[in-house]
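S.K.: My file is work-v5.cif. It has mmCIF, C-alpha atoms and all ligand atoms:
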```
data_query
#
loop_
_atom_site.label_atom_id
_atom_site.label_comp_id
_atom_site.auth_asym_id
_atom_site.auth_seq_id
_atom_site.Cartn_x
_atom_site.Cartn_y
_atom_site.Cartn_z
CA MET C 242 -5.13 11.98 -21.45
CA ARG C 243 -8.16 9.73 -21.06
CA ARG C 244 -6.77 8.58 -17.69
CA ILE C 245 -6.43 12.20 -16.52
CA VAL C 246 -10.01 13.02 -17.54
CA ARG C 247 -11.25 9.87 -15.81
CA GLY C 248 -9.26 10.76 -12.67
CA LEU C 249 -10.60 14.32 -12.66
CA ARG C 250 -14.18 13.11 -13.14
CA LYS C 251 -13.77 10.66 -10.24
CA SER C 252 -12.34 13.36 -7.94
CA ILE C 253 -15.05 15.89 -8.81
CA LEU C 254 -17.85 13.34 -8.38
CA GLY C 255 -16.21 12.20 -5.12
CA MET C 256 -16.13 15.77 -3.82
CA GLY C 257 -19.77 16.19 -4.83
CA GLN C 258 -20.67 13.26 -2.61
CA CYS C 259 -19.26 15.13 0.39
CA TRP C 260 -22.12 17.63 0.38
CA ARG C 261 -24.38 15.05 1.95
CA ILE C 262 -23.05 12.94 4.82
CA PRO C 263 -24.48 9.51 4.10
CA VAL C 264 -24.55 8.25 7.69
CA SER C 265 -27.10 9.11 10.34
CA SER C 266 -24.99 9.25 13.48
CA GLU C 267 -24.76 11.98 16.09
CA HIS C 268 -20.98 11.64 15.89
CA TRP C 269 -19.05 11.41 12.64
CA ARG C 270 -15.71 12.52 11.14
CA LEU C 271 -14.43 12.80 7.60
CA SER C 272 -11.66 10.31 6.82
CA VAL C 273 -9.89 8.68 3.88
CA ILE C 274 -9.88 5.09 2.72
CA TYR C 275 -6.87 3.61 0.95
CA PRO C 276 -5.42 0.18 0.22
CA PRO C 277 -2.94 -1.30 2.70
CA ARG C 278 0.71 -0.30 2.44
CA PRO C 279 3.42 -2.90 1.73
CA THR C 280 4.27 -3.49 5.42
CA GLN C 281 2.18 -6.54 6.20
CA PRO C 282 1.53 -8.04 9.61
CA ASP C 283 3.25 -11.35 10.16
CA ALA C 284 1.33 -14.48 11.08
CA ALA C 285 2.27 -14.16 14.76
CA LEU C 286 0.81 -10.66 15.00
CA LEU C 287 -2.40 -11.70 13.22
CA ARG C 288 -2.75 -14.69 15.53
CA PHE C 289 -2.18 -12.48 18.55
CA CYS C 290 -4.90 -10.08 17.36
CA LEU C 291 -7.39 -12.92 16.96
CA GLN C 292 -6.63 -14.17 20.46
CA ALA C 293 -6.98 -10.66 21.90
CA VAL C 294 -10.38 -10.20 20.25
CA SER C 295 -11.57 -13.55 21.51
CA ARG C 296 -10.36 -12.65 25.01
CA ALA C 297 -12.01 -9.23 24.80
CA MET C 298 -15.40 -10.84 24.22
CA ASP C 299 -15.24 -12.45 27.68
CA VAL C 300 -14.20 -9.31 29.57
CA SER C 301 -16.74 -7.83 31.96
CA PHE C 302 -16.33 -4.43 33.57
CA ALA C 303 -19.36 -4.79 35.82
CA GLU C 304 -17.59 -3.29 38.87
CA LEU C 305 -15.73 -0.53 37.04
CA GLY C 306 -18.96 0.57 35.36
CA ALA C 307 -20.07 2.20 38.61
CA ARG C 308 -17.03 4.50 38.70
CA SER C 309 -18.44 7.34 36.59
CA ALA C 310 -21.05 8.25 34.01
CA GLY C 311 -18.45 7.73 31.28
CA ALA C 312 -17.55 4.32 32.68
CA ALA C 313 -21.21 3.27 32.67
CA ARG C 314 -21.67 4.53 29.12
CA TYR C 315 -18.51 3.39 27.36
CA LEU C 316 -16.74 0.51 29.12
CA GLU C 317 -19.08 -2.27 28.06
CA VAL C 318 -19.45 -1.07 24.45
CA PHE C 319 -17.82 -3.74 22.27
CA PRO C 320 -17.08 -3.42 19.48
CA GLY C 321 -17.14 0.35 19.06
CA GLU C 322 -14.98 1.40 22.01
CA HIS C 323 -11.50 0.05 22.75
CA TYR C 324 -11.71 -0.80 26.46
CA LYS C 325 -12.48 -4.51 26.12
CA LEU C 326 -9.91 -4.92 23.38
CA LEU C 327 -7.26 -3.26 25.57
CA ALA C 328 -8.17 -5.64 28.39
CA GLY C 329 -8.02 -8.59 25.97
CA ILE C 330 -4.57 -7.52 24.77
CA VAL C 331 -3.28 -7.23 28.34
CA GLY C 332 -4.75 -10.65 29.20
CA CYS C 333 -2.98 -12.27 26.23
CA LEU C 334 0.36 -10.58 26.90
CA GLN C 335 0.09 -11.57 30.54
CA ASP C 336 -0.40 -15.21 29.50
CA GLU C 337 2.99 -15.11 27.76
CA GLY C 338 4.46 -14.90 31.26
CA GLY C 339 6.89 -12.58 33.00
CA GLN C 340 6.50 -9.01 34.11
CA LEU C 341 4.24 -6.86 31.97
CA PRO C 342 5.29 -3.19 32.06
CA ILE C 343 2.74 -1.02 30.24
CA VAL C 344 2.95 2.61 29.20
CA GLU C 345 -0.07 4.72 28.42
CA ILE C 346 -0.04 8.19 26.92
CA GLY C 347 -3.17 10.11 27.85
CA THR C 348 -4.57 9.27 31.29
CA PHE C 349 -7.58 11.59 31.15
CA THR C 350 -10.47 10.00 33.10
CA GLY C 351 -8.43 6.85 33.67
CA LEU C 352 -10.85 4.50 31.92
CA SER C 353 -8.25 2.91 29.66
CA ALA C 354 -5.72 2.54 32.50
CA LEU C 355 -8.39 0.88 34.65
CA ALA C 356 -9.52 -1.36 31.79
CA MET C 357 -5.94 -2.58 31.27
CA ALA C 358 -5.29 -2.88 35.02
CA SER C 359 -8.35 -5.14 35.36
CA GLN C 360 -6.42 -7.92 33.54
CA LEU C 361 -2.97 -7.20 34.95
CA ARG C 362 -1.68 -9.83 37.36
CA ASN C 363 2.05 -9.17 37.25
CA GLY C 364 2.98 -5.77 35.96
CA LYS C 365 2.60 -2.04 36.13
CA ILE C 366 0.94 0.71 34.13
CA THR C 367 2.80 3.99 33.87
CA THR C 368 0.33 6.50 32.50
CA TYR C 369 1.39 9.91 31.22
CA ASP C 370 -0.58 13.10 30.84
CA LEU C 371 0.05 16.82 30.82
CA MET C 372 -2.30 17.24 33.75
CA PRO C 373 -2.51 15.26 36.99
CA TRP C 374 -5.54 13.00 37.21
CA THR C 375 -6.64 14.85 40.38
CA SER C 376 -7.21 18.03 38.37
CA LEU C 377 -10.03 16.54 36.32
CA GLN C 378 -13.23 18.36 37.26
CA ARG C 379 -15.75 15.96 35.77
CA ASP C 380 -16.12 12.25 35.14
CA ALA C 381 -12.85 11.07 36.70
CA ALA C 382 -12.94 7.30 37.05
CA LEU C 383 -9.67 7.00 38.99
CA ARG C 384 -9.55 6.92 42.78
CA ALA C 385 -6.59 7.46 45.14
CA GLU C 386 -6.68 3.77 46.10
CA ASP C 387 -5.98 2.78 42.47
CA PHE C 388 -2.43 4.03 43.02
CA SER C 389 -1.82 2.49 46.45
CA SER C 390 -0.59 -0.93 45.26
CA GLY C 391 1.78 0.63 42.71
CA THR C 392 0.05 -1.14 39.79
CA ILE C 393 -0.80 2.26 38.32
CA GLU C 394 1.50 5.27 38.43
CA GLN C 395 0.86 8.59 36.79
CA ARG C 396 3.69 10.78 35.52
CA VAL C 397 2.98 14.31 34.39
CA GLY C 398 4.94 15.57 31.41
CA ASP C 399 5.25 15.75 27.65
CA LEU C 400 6.93 12.73 26.05
CA ALA C 401 7.49 14.69 22.85
CA ASP C 402 9.87 16.87 24.84
CA SER C 403 13.31 15.32 24.39
CA ARG C 404 14.44 16.08 27.94
CA PHE C 405 11.35 14.57 29.59
CA PHE C 406 11.55 11.67 27.14
CA SER C 407 15.19 10.95 28.14
CA GLU C 408 14.23 10.97 31.81
CA ASN C 409 11.62 8.32 31.00
CA ALA C 410 13.55 6.37 28.37
CA ALA C 411 14.14 3.34 30.61
CA THR C 412 10.41 2.97 31.27
CA LEU C 413 9.65 3.22 27.56
CA SER C 414 12.41 0.84 26.60
CA ASP C 415 11.14 -1.82 29.05
CA ALA C 416 7.46 -1.50 28.09
CA ARG C 417 5.87 -4.55 26.47
CA LEU C 418 2.74 -2.58 25.62
CA ILE C 419 2.40 1.10 24.80
CA PHE C 420 -1.06 2.59 24.35
CA MET C 421 -0.93 5.92 22.51
CA ASP C 422 -4.02 7.96 23.30
CA GLY C 423 -2.53 11.44 23.49
CA PRO C 424 -3.41 14.70 21.72
CA LYS C 425 -3.43 13.50 18.08
CA ASP C 426 -2.57 17.04 17.07
CA GLY C 427 -0.47 16.08 14.07
CA VAL C 428 2.74 16.92 15.95
CA PHE C 429 3.04 14.99 19.21
CA GLU C 430 2.69 11.50 17.75
CA TYR C 431 5.33 12.12 15.07
CA ARG C 432 7.84 13.49 17.57
CA PHE C 433 7.15 10.80 20.15
CA LEU C 434 7.49 7.98 17.64
CA ARG C 435 10.76 9.38 16.34
CA LEU C 436 12.15 9.47 19.89
CA LEU C 437 10.70 6.05 20.74
CA ARG C 438 12.17 4.33 17.71
CA ALA C 439 15.61 5.78 18.42
CA ILE C 440 16.02 4.13 21.83
CA PRO C 441 17.31 0.57 22.17
CA ARG C 442 14.60 -1.82 23.32
CA THR C 443 15.10 -4.32 26.09
CA THR C 444 12.02 -6.18 24.84
CA LYS C 445 9.68 -6.31 21.86
CA CYS C 446 6.71 -4.08 22.34
CA LEU C 447 3.15 -3.95 21.09
CA LEU C 448 2.16 -0.42 20.19
CA VAL C 449 -1.58 0.33 20.18
CA MET C 450 -2.65 3.59 18.57
CA ASP C 451 -6.01 5.19 19.09
CA ASP C 452 -7.86 7.22 16.45
CA ILE C 453 -5.89 6.03 13.43
CA HIS C 454 -8.78 7.03 11.13
CA VAL C 455 -8.98 10.56 12.50
CA TRP C 456 -7.60 13.10 10.04
CA ASN C 457 -4.46 14.05 12.01
CA MET C 458 -3.51 10.39 12.42
CA LEU C 459 -4.10 9.22 8.85
CA GLY C 460 -0.65 10.07 7.52
CA LEU C 461 1.15 8.68 10.54
CA TRP C 462 -0.63 5.33 10.41
CA SER C 463 -0.56 4.91 6.65
CA GLU C 464 3.18 5.66 6.47
CA LEU C 465 4.15 3.59 9.48
CA ASP C 466 6.75 1.09 8.29
CA LEU C 467 6.19 -1.53 10.97
CA PRO C 468 4.19 -4.77 10.87
CA LYS C 469 0.71 -3.45 11.63
CA VAL C 470 -2.95 -4.41 11.80
CA ASP C 471 -6.00 -2.17 11.67
CA MET C 472 -8.18 -3.46 14.50
CA THR C 473 -10.88 -0.83 14.21
CA SER C 474 -13.74 -3.32 13.87
CA PHE C 475 -12.87 -4.62 17.33
CA GLY C 476 -11.62 -1.41 18.90
CA HIS C 477 -12.51 2.27 18.82
CA TRP C 478 -14.85 3.37 16.01
CA SER C 479 -12.42 6.20 15.23
CA GLY C 480 -9.66 3.70 14.56
CA THR C 481 -7.49 1.34 16.57
CA GLY C 482 -4.15 0.22 15.17
CA LEU C 483 -1.68 -2.38 16.46
CA CYS C 484 1.95 -2.66 15.48
CA VAL C 485 5.10 -4.29 16.80
CA LEU C 486 8.29 -2.51 17.77
CA GLY C 487 11.59 -4.33 18.07
CA GLY C 488 10.81 -7.82 16.86
CA THR C 489 7.87 -10.12 16.48
CA LEU C 490 5.46 -11.52 19.01
CA PRO C 491 5.98 -15.16 19.84
CA SER C 492 3.59 -17.43 17.99
CA LYS C 493 1.47 -19.75 20.08
C1 LIG U 501 -8.35 11.09 24.57
S1 LIG U 501 -7.70 11.57 26.09
C2 LIG U 501 -7.16 10.06 26.79
C3 LIG U 501 -8.29 9.17 27.14
C4 LIG U 501 -7.94 8.04 28.09
N1 LIG U 501 -6.89 7.19 27.54
C5 LIG U 501 -9.17 7.24 28.37
O1 LIG U 501 -9.46 6.25 27.68
O2 LIG U 501 -9.90 7.64 29.27
C6 LIG U 501 -6.25 12.39 25.65
C7 LIG U 501 -5.40 12.85 26.82
O3 LIG U 501 -4.11 13.15 26.31
C8 LIG U 501 -3.58 14.18 27.12
N2 LIG U 501 -2.44 14.80 26.44
C9 LIG U 501 -2.43 15.82 25.55
N3 LIG U 501 -1.18 16.08 25.17
C10 LIG U 501 -0.39 15.19 25.80
C11 LIG U 501 1.02 14.96 25.83
N4 LIG U 501 1.85 15.70 25.10
N5 LIG U 501 1.50 13.99 26.64
C12 LIG U 501 0.66 13.22 27.37
N6 LIG U 501 -0.68 13.39 27.38
C13 LIG U 501 -1.18 14.38 26.62
C14 LIG U 501 -4.76 15.11 27.34
O4 LIG U 501 -4.53 15.93 28.47
C15 LIG U 501 -5.89 14.10 27.52
O5 LIG U 501 -6.10 13.85 28.89
#
```
I'd like the structure from this file rewritten - as structure tokens, please.
Ligand SMILES: C[S@@+](CC[C@H](N)C(=O)[O-])C[C@H]1O[C@@H](n2cnc3c(N)ncnc32)[C@H](O)[C@@H]1O

M.R.:
Amino acid sequence: MRRIVRGLRKSILGMGQCWRIPVSSEHWRLSVIYPPRPTQPDAALLRFCLQAVSRAMDVSFAELGARSAGAARYLEVFPGEHYKLLAGIVGCLQDEGGQLPIVEIGTFTGLSALAMASQLRNGKITTYDLMPWTSLQRDAALRAEDFSSGTIEQRVGDLADSRFFSENAATLSDARLIFMDGPKDGVFEYRFLRLLRAIPRTTKCLLVMDDIHVWNMLGLWSELDLPKVDMTSFGHWSGTGLCVLGGTLPSK
């Protein structure tokens, strides 16, 4: 009984605290904090994360910064935005050797695809969106020449749709890095992950999820039963999560 009263008091006092947002930022979201779930990252994943952060610190986007107002504003922000971390991750995966096929969900302005492409020496980024990059009215960072070498390809379609997913299963199965930066609508990510985890993998894959602290993503990330690391302090302020699909990363 005493425990129930204590729990109720804590919840009511906690709710009371919500009336005043205790941070002075032009941009904030309500979220939930909770202790880590039993699935722990293995040593190889932790080591990989440390290497990626270290690599991210040396990334410069000086040239890309001139692409758009958004590029000038966000690309060099580190930590706080995820662009340098994405580049650091690609650099580290590239160092492991071999071809590096990357999948991105959510092309939008193209900033994340360009950030990853900046470190790609031997690979390809297949970026998905519901709308072609050419239809963006404002702040597009992509240019036609970015697609000429074949390093970046955009495919238009919904990967939560089982038919479109099947048509693209080979690309997803071969990917060594998947960056999920789609709608975060509480539906897409669940459906996509279910489809993704059902296909056989030809290779282990690092899955990077944006916005894991945003309300619609909280349940997905907290319940995810894969080795995972919350990289938010070195990624996007709204949450950046890393996990491994289909095996562990090699330890260095
Ligand atoms: C946050 S933006 C991506 C930002 C981009 N990665 C960047 O850093 O510039 C989200 C994008 O996801 C796209 N999107 C929404 N639903 C989608 C779906 N089912 N499949 C693929 N992309 C989707 C939206 O059109 C939007 O362009």

S.K.: For ligand LIG 501 (chain U), return the neighbouring residues as a PyMOL selection string (distance at most 6 Å; only C-alpha atoms and all ligand atoms).

M.R.: chain C and resi 346-353+369-372+399-400+422-424

S.K.: Please tabulate, as a tab-separated table, the residues of stretch 368-452 of chain C that come within 12 Å of stretch 328-338 of chain C, each with its closest pair of atoms and the distance in Å to one decimal, counting only C-alpha atoms and ordering rows by chain, then residue number upward.

M.R.:
```
residue	atom	partner	partner_atom	distance
C:Ala416	CA	C:Leu334	CA	11.6
C:Arg417	CA	C:Leu334	CA	8.2
C:Leu418	CA	C:Val331	CA	8.1
C:Ile419	CA	C:Val331	CA	10.7
C:Phe420	CA	C:Ile330	CA	10.7
C:Lys445	CA	C:Leu334	CA	11.4
C:Cys446	CA	C:Leu334	CA	10.2
C:Leu447	CA	C:Leu334	CA	9.2
C:Leu448	CA	C:Ile330	CA	10.8
C:Val449	CA	C:Ile330	CA	9.6
```

S.K.: From the options C:Ala401, C:Met450, C:Val273, C:Met472, which residue's atoms come nearest to C:Leu286, counting all atoms listed in the file?

M.R.: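 Among the listed residues, C:Met472 lies closest to C:Leu286.
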
S.K.: Calculated over all atoms listed in the file, which of the candidates C:Asp283, C:Ala410, C:Arg379, C:Cys290 has the smallest distance to C:Ser309?

M.R.: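 Closest to C:Ser309 of all the choices is C:Arg379.
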
S.K.: Just to confirm, what's the straight-line distance from atom CA of C:Gly311 to atom CA of C:Lys325 in Å (one decimal)?

M.R.: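 Computed distance, atom CA of C:Gly311 to atom CA of C:Lys325, equals 14.6 Å.
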
S.K.: Do you have the atom CA of C:Leu413-atom CA of C:Ile440 distance handy?

M.R.: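 About the pair atom CA of C:Leu413 and atom CA of C:Ile440: they are 8.6 Å apart.
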
S.K.: What is the atom CA of C:Asp451-atom CA of C:Ser474 distance in Å, reported with one decimal?

M.R.: 12.6 Å

S.K.: Quick one: which stretch 248-303 of chain C residues come within 9 Å of stretch 454-466 of chain C, and what is the nearest atom pair for each with the distance in Å to one decimal, counting all atoms listed in the file, rows ordered by chain and ascending number, as a tab-separated table?

M.R.:
```
residue	atom	partner	partner_atom	distance
C:Arg270	CA	C:Val455	CA	7.1
C:Leu271	CA	C:Trp456	CA	7.3
C:Ser272	CA	C:Trp456	CA	5.9
C:Val273	CA	C:His454	CA	7.5
C:Ile274	CA	C:His454	CA	8.7
C:Tyr275	CA	C:Ser463	CA	8.6
C:Pro277	CA	C:Ser463	CA	7.7
C:Arg278	CA	C:Ser463	CA	6.8
C:Pro279	CA	C:Asp466	CA	8.4
C:Thr280	CA	C:Asp466	CA	5.9
```

S.K.: Within 6 Å of C:Gly364, counting all atoms listed in the file, which residues show up once you throw out same-chain ones fewer than 5 positions away? Write them as a list in words, please.

M.R.: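 The filter keeps Gln340, Leu341 and Pro342 of chain C.
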
S.K.: Would you please work out which residue, of C:Leu377, C:Leu436, C:Ile453, C:Leu467, is nearest to C:Phe405 when using only C-alpha atoms?

M.R.: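 Answer, going by the shortest atom-to-atom distance: C:Leu436.
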
S.K.: Please provide as a list in words all residues within 10 Å of C:Tyr324, with the sequence filter that same-chain residues fewer than 3 positions apart are discarded (counting all atoms listed in the file).

M.R.: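 Counting all atoms listed in the file, the residues come to Ala297, Val300, Phe302, Ala312, Tyr315, Leu316, Glu317, Val318, Phe319, Pro320, Gly321, Leu327, Ala328, Gly329, Ile330, Leu352, Ser353, Ala354, Leu355, Ala356, Met357, Phe475, Gly476 and His477 of chain C.
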
S.K.: Ranking C:Arg442, C:Arg396, C:Arg404, C:Lys425 by minimum distance to C:Trp374 and counting all atoms listed in the file, which one comes first?

M.R.: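 Comparing C:Arg442, C:Arg396, C:Arg404, C:Lys425 against C:Trp374, the winner is C:Arg396.
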